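Take a look at the structure set out below.
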Amino acid sequence: MKRYFRSVESFSTPTSNNDPPKQSHLEVDLPDLPSDLGLRPPITDYEPNIQEQVHRAYLLKGPCQPRNHKFPQRDFSGSLRRFTPPWFEEGESWMEYSISQDAIFCLCCYLFKPEIGDQGGGDSFVGQDFKNWKKMDRLKKHEGGINSAHNRASKKCLDLLNQKQHIETIITKQSDEAKRDYRVRLTASINCIKFLLRQGLPFRGHDESELSSNQGNFLELLKFLVEHNEVVRAVALKNAPENLKLTSPDIRKDICNAIAVETTNAIIIELGDGLFSILLDESRDVSMKEQMAVALKYIDKRALVAVAKKHIHISNLFTLISNIFNVVGASCKRCDTFRDKRAERIFEALSNDEILSGRGLNQESTLVRASDTRWGSHHGTLLSLLHMFSTVIDVLDVIVQDGNSEQKSDAFRLLKEMQSFEFAFSLHLMSSILGITNELSQALQRKDQDIVNAMRLVQVCKDRLQLMRDSGWDSLMEEVATFCDANSIDVPSMDGTYICQGRSRRRAQATTNLHHYHFELLNTVVDRQLQELNSRFNEVNTELLLCVACLHPSDSFTSFDKKRLVRLAEFYPKDLSDIELWALPNQLENFIRDVRSSEGVFGFERT
C-alpha cells in the first residue's frame, strides 16, 4: 500500500503556487506516543498505512487517567471547582484527563469519531476540550444511545482489540483441508500462467463467461488440467467456492506480478556484484504498436568457470582475453590482418617441416569467443588462443606500429600482459582445469540427461582434479616452460621473490614464485573447483540421483536395481510405513519381471 500511495502522489498534477501546500505525514514511534491527549496531533495526521498501529498502541495503553494528580481549581460563578478522580468511574473505558489543558477527552472518539457534525457533542471530548466541572451531566449526553457516534467508535475499539475477528486470525484458523484445497487451486492457476508465459500466449479470450465458446487460453488450459487431474478437479472451477476460484483477470495479474517480483529477486541475488549485459530489440506487433523486448545476460554462478573467476588472477585472465579478442577483431581490416598473419605462420611452419600437410589439416581458423551461457565455450576459447598465440602477438605488433595513439596504447598494454609468465601460467592452468571438466559441463547441459553417466563424470572430475592438485605441478610447469620458450617469454626462478602486481608492494607479504604459483594459484583454484563439485554433488545427492536413474526404461530397464530402489524409498519415511518398506522388494521383483515379460506389449526395444 505504501508503494500505491507513493505512486499516486508521484503521478498527481503539480500544484500551482496558489494551491495550499501538501500535508506531510508525521513520523511515528509507537512506544513513545504522547499520553496526554491535549498534546496529541489529530489521528488523521498519521500516514494511513500506520493509523491502525497507532489505534492499537493507544488502546493497549488505555485512557490516560492520572488519579494521583493534584487537580487545579477553577472559578465557576464565584465557586471554586476542580476535576475529581471518582469521575473516572463514569467513563472508565474512554475518559482521559489532560494535565496540560486541565480538561477531559474521549479516547474512543479521538481514535474513531466519524465526521457527523454536532452529534454526540460535536468536537467536544475530541478536538475541543471539556472542562466545565459544573455540568458533568454532559458525560451521559456524550455517550448517547446505542447508535451514537461515541458508541460506534467504542465498538470499533473493541473490534480492533478482538483478535478473534482479525483477518490474520481467521486465516490462521482455517482448517487444514481448506488450506490444502486453496493451495491446490493456486498451484493449478500458477502452473497454467507459467505455461502461457513460457509460450508467449495471451491469457484472455473474447468472452470468459461460462457459456462462451472462446474463453481464452488460461481458462481452456485450466479446464484441461481439471479434466485430467482428479486432485485439481475436486477443488477447482465448479467445485471451488464462488469467491475463491482464483481465475479472475485481477488474480491472474497478481500472480504474474508475483512471478515477476520473485524472478527479479532471484536474478538480483544470483547476479550479486557480477557483470551483465542488456540486449534490446524493438518491433511492431499485428496492431502496428511498437513492442520492445529486453534480454538480460549474465554468468550463471553454478558454472565452474564462474567459481574459478572468484580468484582475482583468473578473473583478470578472462578480462584480458576478452580485451584481446575485442582489439584483434575490432574491424574487418584487423580480421584480414589476422588471417594473413595466420597464413604466414602456417606457410613458415610447413617450410620448416614443423607441421604436416594433408587433406583437412591446417584449415583457416579464427579465435573462438566465449559464451557465458555455454559452459564448454570457455575451454574452446583458451585452446584457440593457445593455438594461435603467436599470430595474436603479430597482430598486436601491427596495431602498435600503425594504429592511432589510443589503439597503440591498448595494443601495447595487451602485448605486455600477454608476454608475461603470469598470463602464460594462468592460461595453461585454466585450459587444463576446463579440459578436465569440459565433458561434465557438456553432459549437464544436455536435454536428454544420462544421470548415471553424469554421476560417473562428476567422480572422474573430482579424481582428476585431486590428482592435479597432488601431483600435477611438475607436468604443468614443464608444459608452461615449453610454451614460454617457444614464444620468447621469460620464466622466473621459482626460488626468487614473487613481484606482486596490482597491489601495494609495501603491504604485500613477501613470498616466493613457487609458493605463489603452486599454492596460491594452482591449489586455490583447484580447491574451489573441488568444493563446488562436492557441494553440488555430495554423497546424499549423488546416491539419490543414482537411485532415481534405476527407473530409466531404456533397454528393457537394464539399469533397474532393486536394492537402490529400496534405498530410494527409505529417503521418504513419511510416505511409506515400515510394513510397506518390507513388502517393497517383492513388489519391485514382480514389477520388473512383469515389464520384461511384456516387452512386446509395451513396445520396449533393446538399444
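Just remember, in the C-alpha cells the first chain shown is A, the second B, etc., residues are 1-based per chain, and ligands are 1-based in the order shown.
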Exercise for the section: Would you kindly return, as an MDAnalysis selection string, each protein, DNA or RNA residue with an atom no farther than 12 Å from any atom of A:Leu160, considering only C-alpha atoms and excluding same-chain residues fewer than 4 positions away? Expected result: chainID A and resid 51:60 108 111:112 153:156 164:167
Item checked: Selection near A:His515, 9 Å with only C-alpha atoms, sequence-local residues under 4 positions removed, as a PyMOL selection string -> chain A and resi 494-495+498+511+519-521
Output the selection as a compact mmCIF listing (two decimals), in the first residue's frame - all heavy atoms for each residue.
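What ended up in selection.txt:
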# COMPACT_ATOMS: atom_id res chain seq x y z
N MET A 494 61.77 -20.15 -9.66
CA MET A 494 60.73 -20.44 -8.67
C MET A 494 61.21 -20.15 -7.24
O MET A 494 60.40 -20.00 -6.34
CB MET A 494 60.30 -21.91 -8.78
CG MET A 494 59.51 -22.22 -10.05
SD MET A 494 57.90 -21.37 -10.16
CE MET A 494 58.27 -20.08 -11.36
N ASP A 495 62.52 -20.06 -7.06
CA ASP A 495 63.04 -19.73 -5.74
C ASP A 495 63.12 -18.23 -5.51
O ASP A 495 63.39 -17.78 -4.39
CB ASP A 495 64.44 -20.35 -5.54
CG ASP A 495 64.38 -21.87 -5.54
OD1 ASP A 495 63.34 -22.42 -5.13
OD2 ASP A 495 65.36 -22.51 -5.97
N TYR A 498 58.46 -13.36 -5.46
CA TYR A 498 57.35 -13.02 -6.36
C TYR A 498 57.06 -11.52 -6.29
O TYR A 498 56.92 -10.96 -5.19
CB TYR A 498 56.09 -13.81 -6.00
CG TYR A 498 54.87 -13.36 -6.75
CD1 TYR A 498 54.72 -13.61 -8.10
CD2 TYR A 498 53.85 -12.66 -6.09
CE1 TYR A 498 53.60 -13.19 -8.79
CE2 TYR A 498 52.72 -12.24 -6.76
CZ TYR A 498 52.60 -12.50 -8.12
OH TYR A 498 51.50 -12.09 -8.81
N THR A 511 56.84 -13.41 -0.69
CA THR A 511 56.68 -14.84 -0.92
C THR A 511 57.47 -15.22 -2.16
O THR A 511 57.83 -14.37 -2.99
CB THR A 511 55.20 -15.21 -1.11
OG1 THR A 511 55.07 -16.62 -1.26
CG2 THR A 511 54.61 -14.52 -2.33
N PHE A 519 50.89 -22.81 -4.75
CA PHE A 519 49.92 -22.90 -3.66
C PHE A 519 48.82 -21.84 -3.74
O PHE A 519 47.64 -22.14 -3.56
CB PHE A 519 50.65 -22.82 -2.31
CG PHE A 519 51.64 -23.92 -2.10
CD1 PHE A 519 52.99 -23.70 -2.32
CD2 PHE A 519 51.22 -25.19 -1.74
CE1 PHE A 519 53.91 -24.72 -2.14
CE2 PHE A 519 52.14 -26.22 -1.56
CZ PHE A 519 53.49 -25.99 -1.78
N GLU A 520 49.22 -20.59 -4.00
CA GLU A 520 48.22 -19.53 -4.02
C GLU A 520 47.39 -19.53 -5.29
O GLU A 520 46.26 -19.03 -5.27
CB GLU A 520 48.91 -18.17 -3.87
CG GLU A 520 49.55 -17.95 -2.51
CD GLU A 520 50.16 -16.57 -2.40
OE1 GLU A 520 50.19 -15.84 -3.42
OE2 GLU A 520 50.60 -16.20 -1.29
N LEU A 521 47.91 -20.08 -6.37
CA LEU A 521 47.17 -20.07 -7.64
C LEU A 521 46.64 -21.46 -7.98
O LEU A 521 45.42 -21.68 -7.98
CB LEU A 521 48.08 -19.55 -8.76
CG LEU A 521 47.37 -19.08 -10.04
CD1 LEU A 521 46.25 -18.12 -9.73
CD2 LEU A 521 48.37 -18.44 -10.99
- Could you pull out all residues of stretch 35-84 of chain A with a DSSP call of strand (DSSP E or B) and give them as a ChimeraX atom specification? /A:46,74-76,79-81
Atoms kept (C-alpha atoms) for selection, written as a short mmCIF file (atom, residue, chain, number, x, y, z; two decimals), in the first residue's frame:
data_model
loop_
_atom_site.label_atom_id
_atom_site.label_comp_id
_atom_site.auth_asym_id
_atom_site.auth_seq_id
_atom_site.Cartn_x
_atom_site.Cartn_y
_atom_site.Cartn_z
CA TYR A 46 -0.57 9.96 10.73
CA ARG A 74 -11.27 26.81 38.67
CA ASP A 75 -13.66 29.66 39.41
CA PHE A 76 -17.22 28.89 38.25
CA SER A 79 -17.33 28.98 43.44
CA LEU A 80 -14.12 27.00 43.08
CA ARG A 81 -14.41 23.63 41.37
#
Separating atom CA of A:Phe425 from atom CA of A:Val480, to the nearest tenth of an Å, is a gap of 6.1 Å
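Residues in contact range of stretch 411-424 of chain A, defined as at most 7 Å between only C-alpha atoms, with sequence neighbours fewer than 4 positions away removed, read A:Leu317, A:Ile324, A:Ile393, A:Leu396, A:Ile399, A:Val400, A:Gln407, A:His428, A:Val480, A:Ile489, A:Asp490, A:Val491.
Between A:Gln215 and the candidates A:Phe591, A:Phe483, A:Phe203, A:Trp133, the tightest atom-to-atom separation, counting only C-alpha atoms, involves A:Phe203.
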Write out as a PyMOL selection string the set of residues from stretch 144-255 of chain A that DSSP, computed on the backbone, places in helix (DSSP H, G or I).
chain A and resi 149-161+163-165+167-172+176-199+217-227+230-233+237-239+249-255
How about saving the chosen residues, C-alpha atoms kept, as a PDB file, in the first residue's frame?
ATOM      1  CA  ALA A 149     -21.157   8.354  17.418  1.00  0.00           C
ATOM      2  CA  HIS A 150     -19.422   7.559  20.707  1.00  0.00           C
ATOM      3  CA  ASN A 151     -20.831   4.029  20.936  1.00  0.00           C
ATOM      4  CA  ARG A 152     -19.974   3.290  17.315  1.00  0.00           C
ATOM      5  CA  ALA A 153     -16.414   4.483  17.949  1.00  0.00           C
ATOM      6  CA  SER A 154     -16.314   2.357  21.101  1.00  0.00           C
ATOM      7  CA  LYS A 155     -17.482  -0.675  19.079  1.00  0.00           C
ATOM      8  CA  LYS A 156     -14.637  -0.150  16.625  1.00  0.00           C
ATOM      9  CA  CYS A 157     -12.175  -0.085  19.509  1.00  0.00           C
ATOM     10  CA  LEU A 158     -13.488  -3.404  20.826  1.00  0.00           C
ATOM     11  CA  ASP A 159     -13.375  -4.948  17.349  1.00  0.00           C
ATOM     12  CA  LEU A 160      -9.787  -3.853  16.857  1.00  0.00           C
ATOM     13  CA  LEU A 161      -8.726  -5.403  20.148  1.00  0.00           C
ATOM     14  CA  GLN A 163      -8.029 -10.732  17.826  1.00  0.00           C
ATOM     15  CA  LYS A 164     -10.585 -13.413  17.018  1.00  0.00           C
ATOM     16  CA  GLN A 165     -12.074 -11.125  14.364  1.00  0.00           C
ATOM     17  CA  ILE A 167      -8.242 -11.359   9.323  1.00  0.00           C
ATOM     18  CA  GLU A 168      -4.851 -12.887  10.151  1.00  0.00           C
ATOM     19  CA  THR A 169      -6.503 -14.902  12.920  1.00  0.00           C
ATOM     20  CA  ILE A 170      -9.287 -16.024  10.588  1.00  0.00           C
ATOM     21  CA  ILE A 171      -6.785 -17.230   8.017  1.00  0.00           C
ATOM     22  CA  THR A 172      -4.764 -19.000  10.710  1.00  0.00           C
ATOM     23  CA  ASP A 176      -6.019 -27.901   7.173  1.00  0.00           C
ATOM     24  CA  GLU A 177      -8.341 -29.203   4.477  1.00  0.00           C
ATOM     25  CA  ALA A 178      -9.336 -25.683   3.395  1.00  0.00           C
ATOM     26  CA  LYS A 179      -5.682 -24.650   3.282  1.00  0.00           C
ATOM     27  CA  ARG A 180      -4.807 -27.707   1.228  1.00  0.00           C
ATOM     28  CA  ASP A 181      -7.649 -27.078  -1.236  1.00  0.00           C
ATOM     29  CA  TYR A 182      -6.621 -23.456  -1.601  1.00  0.00           C
ATOM     30  CA  ARG A 183      -3.019 -24.444  -2.279  1.00  0.00           C
ATOM     31  CA  VAL A 184      -4.131 -26.936  -4.969  1.00  0.00           C
ATOM     32  CA  ARG A 185      -6.254 -24.278  -6.715  1.00  0.00           C
ATOM     33  CA  LEU A 186      -3.500 -21.688  -6.500  1.00  0.00           C
ATOM     34  CA  THR A 187      -0.865 -24.113  -7.785  1.00  0.00           C
ATOM     35  CA  ALA A 188      -3.081 -25.052 -10.733  1.00  0.00           C
ATOM     36  CA  SER A 189      -3.577 -21.392 -11.684  1.00  0.00           C
ATOM     37  CA  ILE A 190       0.133 -20.651 -11.311  1.00  0.00           C
ATOM     38  CA  ASN A 191       1.122 -23.635 -13.474  1.00  0.00           C
ATOM     39  CA  CYS A 192      -1.259 -22.562 -16.238  1.00  0.00           C
ATOM     40  CA  ILE A 193       0.039 -18.993 -16.131  1.00  0.00           C
ATOM     41  CA  LYS A 194       3.676 -20.146 -16.180  1.00  0.00           C
ATOM     42  CA  PHE A 195       2.983 -22.325 -19.229  1.00  0.00           C
ATOM     43  CA  LEU A 196       1.340 -19.469 -21.131  1.00  0.00           C
ATOM     44  CA  LEU A 197       4.158 -17.090 -20.212  1.00  0.00           C
ATOM     45  CA  ARG A 198       6.800 -19.514 -21.478  1.00  0.00           C
ATOM     46  CA  GLN A 199       4.924 -19.940 -24.758  1.00  0.00           C
ATOM     47  CA  ASN A 217      -6.124 -19.816 -23.298  1.00  0.00           C
ATOM     48  CA  PHE A 218      -5.948 -19.591 -19.497  1.00  0.00           C
ATOM     49  CA  LEU A 219      -9.429 -20.941 -18.751  1.00  0.00           C
ATOM     50  CA  GLU A 220      -9.222 -23.558 -21.510  1.00  0.00           C
ATOM     51  CA  LEU A 221      -5.871 -24.785 -20.188  1.00  0.00           C
ATOM     52  CA  LEU A 222      -7.195 -24.844 -16.624  1.00  0.00           C
ATOM     53  CA  LYS A 223     -10.247 -26.830 -17.768  1.00  0.00           C
ATOM     54  CA  PHE A 224      -7.943 -29.326 -19.485  1.00  0.00           C
ATOM     55  CA  LEU A 225      -5.923 -29.659 -16.278  1.00  0.00           C
ATOM     56  CA  VAL A 226      -9.102 -30.199 -14.245  1.00  0.00           C
ATOM     57  CA  GLU A 227     -10.322 -32.886 -16.640  1.00  0.00           C
ATOM     58  CA  GLU A 230      -8.527 -35.767 -10.112  1.00  0.00           C
ATOM     59  CA  VAL A 231      -6.931 -33.806  -7.278  1.00  0.00           C
ATOM     60  CA  VAL A 232      -7.406 -30.473  -9.061  1.00  0.00           C
ATOM     61  CA  ARG A 233     -10.865 -31.473 -10.301  1.00  0.00           C
ATOM     62  CA  LEU A 237     -13.602 -24.355 -11.096  1.00  0.00           C
ATOM     63  CA  LYS A 238     -17.160 -25.639 -10.421  1.00  0.00           C
ATOM     64  CA  ASN A 239     -16.089 -27.320  -7.184  1.00  0.00           C
ATOM     65  CA  PRO A 249      -8.198 -11.302 -14.509  1.00  0.00           C
ATOM     66  CA  ASP A 250      -7.180  -9.455 -11.335  1.00  0.00           C
ATOM     67  CA  ILE A 251      -5.936 -12.680  -9.731  1.00  0.00           C
ATOM     68  CA  ARG A 252      -4.004 -13.556 -12.890  1.00  0.00           C
ATOM     69  CA  LYS A 253      -2.371 -10.128 -12.895  1.00  0.00           C
ATOM     70  CA  ASP A 254      -1.417 -10.515  -9.245  1.00  0.00           C
ATOM     71  CA  ILE A 255       0.128 -13.927  -9.925  1.00  0.00           C
TER      72      ILE A 255
END
